[in-house]
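The next block holds one structure in the form of structure tokens; read it before the comments.
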Amino acid sequence: MTRRQHGEYHRLVQELRLDGERFQQYFRLDRAQFDELLTRVGPRITRLDTNWRSPISAAERLAICLRYLATGDSYRSIAYSYRVGITTVHYIIPEVATAIWECLVSEFMPVPKKEDWMTIAEEFRQHWNFPNCLGSIDGKHVVIQAPSKSGSLFLNNKGTYSIVLLAVVDARHRFRVVDVGAYGRRSYGGTLASSKFGKALQNGRLDLPEDRLLPEAEHLGCQPHVFVADEAFPLQRHLMRPFPGSNLSRRDRVFNYRLSHARMIVENTFGILSAQWRMYRRVIGTSPGNVEKCVKATCVLHNFMRWTAEGPAAASVSERQAPDPVDLQGIRRVGTNNATREAIHVRETLASYFSAEGAVPWQDNLA
């Protein structure tokens with residue numbers, strides 16, 4: 001018999017398919033999700049059979065990639081487990097990760113249109129008590145091994161080497177926009193400004209909904225839809241950040257509290273992502289280009305799982321585990337913020353609204 005018949009994959013499949021829980025722990029997808037994903041990406045990763053050798057099947061290629069994303073093990077370890085060459089693993093993982101992204105992104109992470117933004121805003125109002133909110137933004141450092149001859153390009157302020165994952169998350173813990181690959185040394189302003197999302201936001205090309213009245217506050221006039229972020233990001237007309245400083249009025253502290261409450265959903269989502277795909281809890285020892293492909297694959301797989309899962313497979317916030325030292329690391333919290341008068345006025349209006357017509361009972365617990 002050939003290695004194809006005796007390989008680790010075939011033995012594992014026979015055993016794991018008898019136990020759904022073990023199957024999901026191993027691949028992070030349940031059996032139905034794995035089969036659906038294989039149906040989608042299989043044609044892209046299938047290789048032709050020849051007279052000299054049998055190709056590695058599409059199912060095994062997918063299994064190798066998923067196992068790498070799920071564990072972050074070295075290529076050598078994955079190769080030993082599946083009885084394939086290290087070079088073979090080196091080619092399979094980025095190839096399959098790219099196929100996963102390209103086959104899923106149009107359905108499970110499409111570019112939001114005006115109707116989509118309006119749905120997101122309504123969900124933020126209902127579930128997170130923040131009207132006119134289009135998403136929560138944050139950036140995280142994905143720790144990598146220092147690339148050869150890269151100098152300090154990837155060296156971040158935490159003393160590790162990384163690329164940046166910039167993400168916009170909706171009210172249901174789903175990635176709506178991701179930008180991957182910025183140098184770890186870049187500040188928050190540079191990361192956002194150089195991203196496609198940041199440029200589109202600044203230039204008004206995101207197809208955002210028109211300004212809208214806040215609930216029960218017609219006297220405040222129509223207000224723009226906004227994204228919420230922390231102090232690492234600049235204050236803009238469509239991007240709200242907290243009031244700076246510690247000696248703040250109660251109104252300003254209530255605003256910061258409400259904004260933080262809505263913003264934490266992106267932190268929760270990053271926590272779910274790193275708990276599901278343990279490669280984020282390792283120092284990833286491959287090229288920045290391959291890391292970018294793997295990060296994009298995990299983000300779209302996160303959405304794929306949340307859209308298709310039934311029951312406990314859809315990870316809840318309570319399943320998020322505490323981050324390890326090499327887990328996703330936050331972007332630096334320093335820098336200047338030259339906000340426009342219009343952006344300042346929008347924040348002031350929201351601050352007044354949250355302390356009046358838009359007040360909720362639980363904000364009274366703020367000391």
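The way I read the labels, and the way they are meant: chains A, B, ... in the order of the structure tokens, residue 1 as the first residue of every chain, and ligand 1 as the first ligand shown, with later ones counted on from there.
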
Which stretch 88-178 of chain A residues have any atom within 8 Å of an atom of stretch 219-238 of chain A, and for each, what is the nearest pair of atoms with distance in Å to one decimal, counting only C-alpha atoms, rows sorted by chain and number, as JSON lines?
{"residue": "A:Ala121", "atom": "CA", "partner": "A:His225", "partner_atom": "CA", "distance": 8.0}
{"residue": "A:Asn132", "atom": "CA", "partner": "A:His225", "partner_atom": "CA", "distance": 4.6}
{"residue": "A:Cys133", "atom": "CA", "partner": "A:Val226", "partner_atom": "CA", "distance": 5.1}
{"residue": "A:Leu134", "atom": "CA", "partner": "A:Phe227", "partner_atom": "CA", "distance": 5.3}
{"residue": "A:Gly135", "atom": "CA", "partner": "A:Phe227", "partner_atom": "CA", "distance": 5.1}
{"residue": "A:Ser136", "atom": "CA", "partner": "A:Val228", "partner_atom": "CA", "distance": 5.0}
{"residue": "A:Ile137", "atom": "CA", "partner": "A:Ala229", "partner_atom": "CA", "distance": 5.2}
{"residue": "A:Asp138", "atom": "CA", "partner": "A:Ala229", "partner_atom": "CA", "distance": 6.3}

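Look at A:Gly42: the protein and nucleic acid residues within 10 Å of it, using only C-alpha atoms and passing over chain neighbours fewer than 6 places away, are Asp35, Glu36, Ser57, Ala58, Ala59, Arg61, Leu62, Val96, Ala99, Ile100 and Cys103 of chain A.
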
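When DSSP reads the backbone of this structure, the residues of stretch 170-236 of chain A it assigns to helix (DSSP H, G or I) are Tyr188, Gly189, Gly190, Thr191, Leu192, Ala193, Ser194, Lys196, Phe197, Gly198, Lys199, Ala200, Leu201, Gln202, Asn203, Glu218, His219 and Leu220 of chain A.
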
Would you save the residues of that selection, restricted to all heavy atoms, as a CSV table (one decimal), in the first residue's frame?
chain,number,residue,atom,x,y,z
A,188,TYR,N,-0.5,54.2,15.0
A,188,TYR,CA,-2.0,54.0,14.7
A,188,TYR,C,-2.4,54.9,13.5
A,188,TYR,O,-3.1,54.4,12.6
A,188,TYR,CB,-2.8,54.3,15.9
A,188,TYR,CG,-2.7,55.7,16.4
A,188,TYR,CD1,-3.5,56.7,15.9
A,188,TYR,CD2,-1.7,56.1,17.3
A,188,TYR,CE1,-3.3,58.1,16.3
A,188,TYR,CE2,-1.5,57.4,17.7
A,188,TYR,CZ,-2.4,58.4,17.2
A,188,TYR,OH,-2.2,59.7,17.6
A,189,GLY,N,-1.9,56.1,13.5
A,189,GLY,CA,-2.3,57.0,12.4
A,189,GLY,C,-1.8,56.5,11.1
A,189,GLY,O,-2.5,56.5,10.1
A,190,GLY,N,-0.6,56.1,11.0
A,190,GLY,CA,0.0,55.6,9.8
A,190,GLY,C,-0.7,54.3,9.3
A,190,GLY,O,-0.9,54.1,8.1
A,191,THR,N,-1.0,53.4,10.2
A,191,THR,CA,-1.7,52.2,9.9
A,191,THR,C,-3.1,52.4,9.3
A,191,THR,O,-3.4,51.8,8.2
A,191,THR,CB,-1.8,51.2,11.1
A,191,THR,OG1,-0.5,51.0,11.7
A,191,THR,CG2,-2.5,49.9,10.7
A,192,LEU,N,-3.8,53.3,9.9
A,192,LEU,CA,-5.2,53.6,9.4
A,192,LEU,C,-5.1,54.4,8.1
A,192,LEU,O,-5.8,54.1,7.1
A,192,LEU,CB,-6.0,54.4,10.4
A,192,LEU,CG,-7.4,54.8,10.0
A,192,LEU,CD1,-8.2,53.5,9.8
A,192,LEU,CD2,-8.0,55.7,11.1
A,193,ALA,N,-4.3,55.4,8.1
A,193,ALA,CA,-4.2,56.3,6.9
A,193,ALA,C,-3.7,55.5,5.6
A,193,ALA,O,-4.2,55.9,4.5
A,193,ALA,CB,-3.3,57.5,7.2
A,194,SER,N,-2.8,54.6,5.8
A,194,SER,CA,-2.3,53.9,4.6
A,194,SER,C,-3.2,52.7,4.2
A,194,SER,O,-2.9,52.2,3.1
A,194,SER,CB,-0.9,53.4,4.9
A,194,SER,OG,-0.9,52.4,6.0
A,196,LYS,N,-6.6,50.7,2.8
A,196,LYS,CA,-7.6,51.0,1.8
A,196,LYS,C,-8.9,51.5,2.6
A,196,LYS,O,-9.5,52.4,2.1
A,196,LYS,CB,-7.9,49.8,1.0
A,196,LYS,CG,-6.8,49.3,0.1
A,196,LYS,CD,-7.2,48.1,-0.8
A,196,LYS,CE,-6.1,47.7,-1.7
A,196,LYS,NZ,-6.5,46.5,-2.5
A,197,PHE,N,-9.2,50.9,3.7
A,197,PHE,CA,-10.3,51.3,4.4
A,197,PHE,C,-10.2,52.8,4.9
A,197,PHE,O,-11.1,53.6,4.8
A,197,PHE,CB,-10.6,50.4,5.6
A,197,PHE,CG,-11.6,50.9,6.6
A,197,PHE,CD1,-13.0,50.8,6.3
A,197,PHE,CD2,-11.2,51.5,7.8
A,197,PHE,CE1,-13.9,51.2,7.2
A,197,PHE,CE2,-12.2,52.0,8.7
A,197,PHE,CZ,-13.5,51.9,8.4
A,198,GLY,N,-9.0,53.1,5.5
A,198,GLY,CA,-8.8,54.4,6.0
A,198,GLY,C,-8.9,55.5,4.9
A,198,GLY,O,-9.4,56.5,5.1
A,199,LYS,N,-8.3,55.2,3.7
A,199,LYS,CA,-8.4,56.1,2.6
A,199,LYS,C,-9.8,56.3,2.1
A,199,LYS,O,-10.3,57.4,1.8
A,199,LYS,CB,-7.5,55.6,1.5
A,199,LYS,CG,-6.0,55.6,1.8
A,199,LYS,CD,-5.2,55.1,0.6
A,199,LYS,CE,-3.7,55.1,1.0
A,199,LYS,NZ,-2.9,54.4,-0.1
A,200,ALA,N,-10.6,55.2,2.1
A,200,ALA,CA,-12.0,55.3,1.6
A,200,ALA,C,-12.8,56.1,2.6
A,200,ALA,O,-13.7,56.8,2.3
A,200,ALA,CB,-12.5,53.9,1.4
A,201,LEU,N,-12.5,55.9,3.9
A,201,LEU,CA,-13.2,56.6,5.0
A,201,LEU,C,-13.0,58.1,4.9
A,201,LEU,O,-13.9,58.9,5.0
A,201,LEU,CB,-12.8,56.0,6.4
A,201,LEU,CG,-13.5,56.7,7.6
A,201,LEU,CD1,-15.0,56.5,7.6
A,201,LEU,CD2,-12.9,56.1,8.9
A,202,GLN,N,-11.7,58.4,4.7
A,202,GLN,CA,-11.3,59.8,4.6
A,202,GLN,C,-11.9,60.5,3.4
A,202,GLN,O,-12.2,61.7,3.5
A,202,GLN,CB,-9.8,59.9,4.7
A,202,GLN,CG,-9.2,61.3,4.8
A,202,GLN,CD,-9.5,61.9,6.2
A,202,GLN,OE1,-9.6,61.2,7.1
A,202,GLN,NE2,-9.6,63.2,6.2
A,203,ASN,N,-12.0,59.8,2.3
A,203,ASN,CA,-12.4,60.4,1.0
A,203,ASN,C,-13.9,60.2,0.8
A,203,ASN,O,-14.4,60.6,-0.3
A,203,ASN,CB,-11.6,59.7,-0.1
A,203,ASN,CG,-10.1,60.0,0.0
A,203,ASN,OD1,-9.7,61.0,0.5
A,203,ASN,ND2,-9.3,59.1,-0.5
A,218,GLU,N,-34.8,64.8,18.3
A,218,GLU,CA,-34.9,65.5,17.0
A,218,GLU,C,-34.2,66.9,17.1
A,218,GLU,O,-33.7,67.4,16.1
A,218,GLU,CB,-36.3,65.7,16.6
A,218,GLU,CG,-37.0,64.4,16.2
A,218,GLU,CD,-37.4,63.5,17.4
A,218,GLU,OE1,-37.2,64.0,18.6
A,218,GLU,OE2,-37.9,62.4,17.2
A,219,HIS,N,-34.2,67.5,18.3
A,219,HIS,CA,-33.7,68.8,18.5
A,219,HIS,C,-32.2,68.9,18.2
A,219,HIS,O,-31.6,70.0,18.0
A,219,HIS,CB,-34.0,69.4,19.9
A,219,HIS,CG,-33.4,68.6,21.0
A,219,HIS,ND1,-33.9,67.4,21.4
A,219,HIS,CD2,-32.3,68.9,21.7
A,219,HIS,CE1,-33.1,66.9,22.4
A,219,HIS,NE2,-32.1,67.8,22.6
A,220,LEU,N,-31.5,67.8,18.3
A,220,LEU,CA,-30.1,67.7,18.1
A,220,LEU,C,-29.7,67.7,16.6
A,220,LEU,O,-28.5,67.9,16.2
A,220,LEU,CB,-29.4,66.5,18.8
A,220,LEU,CG,-29.5,66.5,20.3
A,220,LEU,CD1,-28.9,65.2,20.9
A,220,LEU,CD2,-28.8,67.7,20.9

TODO: Excluding A:Arg125 and any residue of its chain fewer than 6 positions from it, enumerate the residues within 12 Å of it, using only C-alpha atoms, and give them as a list in words.
DONE: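 So, after excluding close chain neighbours, the residues are Met118, Thr119, Pro131, Asn132, Cys133, Leu134, Gly135, Asp170, Ala171, Leu214, Pro215, His225, Arg258, His261, Ala262, Gly358 and Val360 of chain A.
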
Write out as a PDB file with C-alpha atoms, in the first residue's frame the residues lying within 10 Å of A:Phe354, counting only C-alpha atoms and excluding same-chain residues fewer than 6 positions away.
ATOM      1  CA  ASN A 129     -27.043  50.984  22.982  1.00  0.00           C
ATOM      2  CA  PHE A 130     -25.006  53.076  20.567  1.00  0.00           C
ATOM      3  CA  ARG A 251     -20.861  63.798  30.935  1.00  0.00           C
ATOM      4  CA  ASP A 252     -17.526  63.073  29.247  1.00  0.00           C
ATOM      5  CA  VAL A 254     -20.375  58.662  30.514  1.00  0.00           C
ATOM      6  CA  PHE A 255     -19.541  59.128  26.830  1.00  0.00           C
ATOM      7  CA  TYR A 257     -18.078  54.500  29.119  1.00  0.00           C
ATOM      8  CA  ARG A 258     -20.726  54.091  26.435  1.00  0.00           C
ATOM      9  CA  LEU A 259     -18.161  54.218  23.637  1.00  0.00           C
ATOM     10  CA  VAL A 360     -29.569  53.954  29.936  1.00  0.00           C
ATOM     11  CA  GLN A 363     -24.579  53.837  33.035  1.00  0.00           C
TER      12      GLN A 363
END

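Of the residues listed (A:Gly245, A:Arg28, A:Ser74, A:Ala217), A:Ala217 shows the shortest atom-to-atom separation from A:Glu357; distances use only C-alpha atoms.
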
Apply DSSP to the structure's backbone, then extract all residues of stretch 124-227 of chain A labelled strand (DSSP E) and return them as a CSV table (one decimal) with N, CA and C atoms, in the first residue's frame.
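Written out: out.csv:
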chain,number,residue,atom,x,y,z
A,133,CYS,N,-24.1,53.7,14.9
A,133,CYS,CA,-22.7,53.1,14.9
A,133,CYS,C,-22.6,52.1,13.9
A,134,LEU,N,-21.6,52.1,13.1
A,134,LEU,CA,-21.4,51.3,11.9
A,134,LEU,C,-20.4,50.1,12.2
A,135,GLY,N,-19.7,50.2,13.3
A,135,GLY,CA,-18.8,49.1,13.6
A,135,GLY,C,-17.7,49.6,14.6
A,136,SER,N,-17.0,48.6,15.1
A,136,SER,CA,-16.0,48.8,16.1
A,136,SER,C,-14.6,48.5,15.4
A,137,ILE,N,-13.7,49.4,15.5
A,137,ILE,CA,-12.4,49.3,14.8
A,137,ILE,C,-11.3,49.1,15.9
A,138,ASP,N,-10.4,48.3,15.5
A,138,ASP,CA,-9.1,48.1,16.3
A,138,ASP,C,-8.1,47.5,15.4
A,139,GLY,N,-6.8,47.6,15.9
A,139,GLY,CA,-5.7,47.0,15.2
A,139,GLY,C,-4.9,46.1,16.2
A,140,LYS,N,-4.4,45.0,15.7
A,140,LYS,CA,-3.7,44.1,16.5
A,140,LYS,C,-2.4,43.7,15.8
A,141,HIS,N,-1.4,43.5,16.7
A,141,HIS,CA,-0.1,43.0,16.1
A,141,HIS,C,-0.1,41.5,16.1
A,142,VAL,N,0.2,40.9,15.0
A,142,VAL,CA,0.4,39.5,14.8
A,142,VAL,C,1.9,39.2,14.9
A,143,VAL,N,2.3,38.5,15.9
A,143,VAL,CA,3.7,38.4,16.2
A,143,VAL,C,4.4,37.4,15.3
A,162,SER,N,6.2,42.1,14.1
A,162,SER,CA,4.8,41.8,13.8
A,162,SER,C,4.4,42.5,12.5
A,163,ILE,N,3.2,42.0,12.1
A,163,ILE,CA,2.5,42.7,11.0
A,163,ILE,C,1.1,43.1,11.7
A,164,VAL,N,0.4,44.0,11.1
A,164,VAL,CA,-0.8,44.6,11.8
A,164,VAL,C,-2.0,44.0,11.1
A,165,LEU,N,-3.0,43.6,11.9
A,165,LEU,CA,-4.3,43.2,11.5
A,165,LEU,C,-5.2,44.4,11.9
A,166,LEU,N,-5.8,45.1,10.9
A,166,LEU,CA,-6.7,46.2,11.2
A,166,LEU,C,-8.1,45.7,10.8
A,167,ALA,N,-9.1,45.8,11.7
A,167,ALA,CA,-10.4,45.2,11.5
A,167,ALA,C,-11.5,46.1,11.9
A,168,VAL,N,-12.6,45.9,11.1
A,168,VAL,CA,-13.9,46.5,11.5
A,168,VAL,C,-14.8,45.4,11.8
A,169,VAL,N,-15.5,45.4,13.0
A,169,VAL,CA,-16.3,44.3,13.4
A,169,VAL,C,-17.7,44.8,13.7
A,175,PHE,N,-16.3,39.9,11.3
A,175,PHE,CA,-15.4,40.8,10.6
A,175,PHE,C,-16.1,41.4,9.3
A,176,ARG,N,-16.1,42.7,9.2
A,176,ARG,CA,-16.7,43.3,8.0
A,176,ARG,C,-15.7,43.8,7.0
A,177,VAL,N,-14.6,44.3,7.6
A,177,VAL,CA,-13.4,44.8,6.8
A,177,VAL,C,-12.2,44.4,7.5
A,178,VAL,N,-11.2,43.9,6.8
A,178,VAL,CA,-9.9,43.6,7.4
A,178,VAL,C,-8.8,44.1,6.4
A,179,ASP,N,-7.8,44.6,7.0
A,179,ASP,CA,-6.6,45.1,6.3
A,179,ASP,C,-5.4,44.5,7.0
A,180,VAL,N,-4.6,43.7,6.3
A,180,VAL,CA,-3.5,42.9,6.9
A,180,VAL,C,-2.2,43.2,6.2
A,181,GLY,N,-1.1,43.3,7.0
A,181,GLY,CA,0.2,43.4,6.4
A,181,GLY,C,1.0,44.6,6.6
A,182,ALA,N,0.4,45.6,7.3
A,182,ALA,CA,1.2,46.8,7.6
A,182,ALA,C,2.4,46.5,8.6
A,183,TYR,N,3.5,47.2,8.4
A,183,TYR,CA,4.7,47.0,9.2
A,183,TYR,C,4.3,47.2,10.7
A,212,ARG,N,-28.5,60.8,10.2
A,212,ARG,CA,-29.8,60.4,10.7
A,212,ARG,C,-30.0,61.0,12.1
A,213,LEU,N,-31.3,61.2,12.4
A,213,LEU,CA,-31.7,61.7,13.8
A,213,LEU,C,-31.4,60.7,14.8
A,222,CYS,N,-29.8,66.0,12.6
A,222,CYS,CA,-29.2,64.8,12.0
A,222,CYS,C,-27.7,64.7,12.3
A,223,GLN,N,-27.3,63.5,12.7
A,223,GLN,CA,-25.9,63.2,13.0
A,223,GLN,C,-25.4,62.1,12.1
A,226,VAL,N,-21.1,56.7,12.6
A,226,VAL,CA,-19.7,56.7,13.0
A,226,VAL,C,-19.2,55.3,13.3
A,227,PHE,N,-17.9,55.1,13.3
A,227,PHE,CA,-17.2,53.9,13.8
A,227,PHE,C,-16.7,54.3,15.2

TODO: Give me the residues within 10 Å of A:Pro112 as an NGL selection string, counting only C-alpha atoms and dropping any in the same chain fewer than 3 places off.
DONE: :A and (109 or 115-118 or 120 or 176-177 or 206-208)

Emit the selected residues as a PDB file, in the first residue's frame, including N, CA, C and O atoms.
ATOM      1  N   MET A 109     -17.499  37.766   3.672  1.00  0.00           N
ATOM      2  CA  MET A 109     -16.963  39.065   4.068  1.00  0.00           C
ATOM      3  C   MET A 109     -17.048  40.029   2.892  1.00  0.00           C
ATOM      4  O   MET A 109     -16.044  40.622   2.487  1.00  0.00           O
ATOM      5  N   GLU A 115     -27.151  49.485   2.492  1.00  0.00           N
ATOM      6  CA  GLU A 115     -28.160  48.704   3.219  1.00  0.00           C
ATOM      7  C   GLU A 115     -27.514  47.869   4.323  1.00  0.00           C
ATOM      8  O   GLU A 115     -28.079  47.706   5.416  1.00  0.00           O
ATOM      9  N   ASP A 116     -26.315  47.335   4.042  1.00  0.00           N
ATOM     10  CA  ASP A 116     -25.607  46.546   5.051  1.00  0.00           C
ATOM     11  C   ASP A 116     -25.195  47.422   6.228  1.00  0.00           C
ATOM     12  O   ASP A 116     -25.343  47.025   7.395  1.00  0.00           O
ATOM     13  N   TRP A 117     -24.689  48.622   5.948  1.00  0.00           N
ATOM     14  CA  TRP A 117     -24.296  49.534   7.024  1.00  0.00           C
ATOM     15  C   TRP A 117     -25.502  49.896   7.887  1.00  0.00           C
ATOM     16  O   TRP A 117     -25.388  49.976   9.119  1.00  0.00           O
ATOM     17  N   MET A 118     -26.660  50.090   7.261  1.00  0.00           N
ATOM     18  CA  MET A 118     -27.857  50.442   8.020  1.00  0.00           C
ATOM     19  C   MET A 118     -28.289  49.297   8.938  1.00  0.00           C
ATOM     20  O   MET A 118     -28.719  49.516  10.072  1.00  0.00           O
ATOM     21  N   ILE A 120     -26.250  47.047  10.233  1.00  0.00           N
ATOM     22  CA  ILE A 120     -25.255  47.023  11.311  1.00  0.00           C
ATOM     23  C   ILE A 120     -25.568  48.098  12.344  1.00  0.00           C
ATOM     24  O   ILE A 120     -25.502  47.859  13.562  1.00  0.00           O
ATOM     25  N   ARG A 176     -16.139  42.680   9.153  1.00  0.00           N
ATOM     26  CA  ARG A 176     -16.717  43.297   7.960  1.00  0.00           C
ATOM     27  C   ARG A 176     -15.656  43.846   7.031  1.00  0.00           C
ATOM     28  O   ARG A 176     -15.825  43.846   5.815  1.00  0.00           O
ATOM     29  N   VAL A 177     -14.564  44.322   7.593  1.00  0.00           N
ATOM     30  CA  VAL A 177     -13.437  44.819   6.808  1.00  0.00           C
ATOM     31  C   VAL A 177     -12.161  44.406   7.521  1.00  0.00           C
ATOM     32  O   VAL A 177     -12.068  44.543   8.745  1.00  0.00           O
ATOM     33  N   LEU A 206     -17.099  55.092   1.119  1.00  0.00           N
ATOM     34  CA  LEU A 206     -17.539  53.851   1.755  1.00  0.00           C
ATOM     35  C   LEU A 206     -19.025  53.573   1.572  1.00  0.00           C
ATOM     36  O   LEU A 206     -19.535  52.597   2.106  1.00  0.00           O
ATOM     37  N   ASP A 207     -19.732  54.426   0.855  1.00  0.00           N
ATOM     38  CA  ASP A 207     -21.172  54.254   0.643  1.00  0.00           C
ATOM     39  C   ASP A 207     -21.910  54.182   1.978  1.00  0.00           C
ATOM     40  O   ASP A 207     -22.760  53.316   2.214  1.00  0.00           O
ATOM     41  N   LEU A 208     -21.569  55.122   2.875  1.00  0.00           N
ATOM     42  CA  LEU A 208     -22.192  55.145   4.195  1.00  0.00           C
ATOM     43  C   LEU A 208     -23.602  55.725   4.112  1.00  0.00           C
ATOM     44  O   LEU A 208     -23.919  56.495   3.203  1.00  0.00           O
TER      45      LEU A 208
END
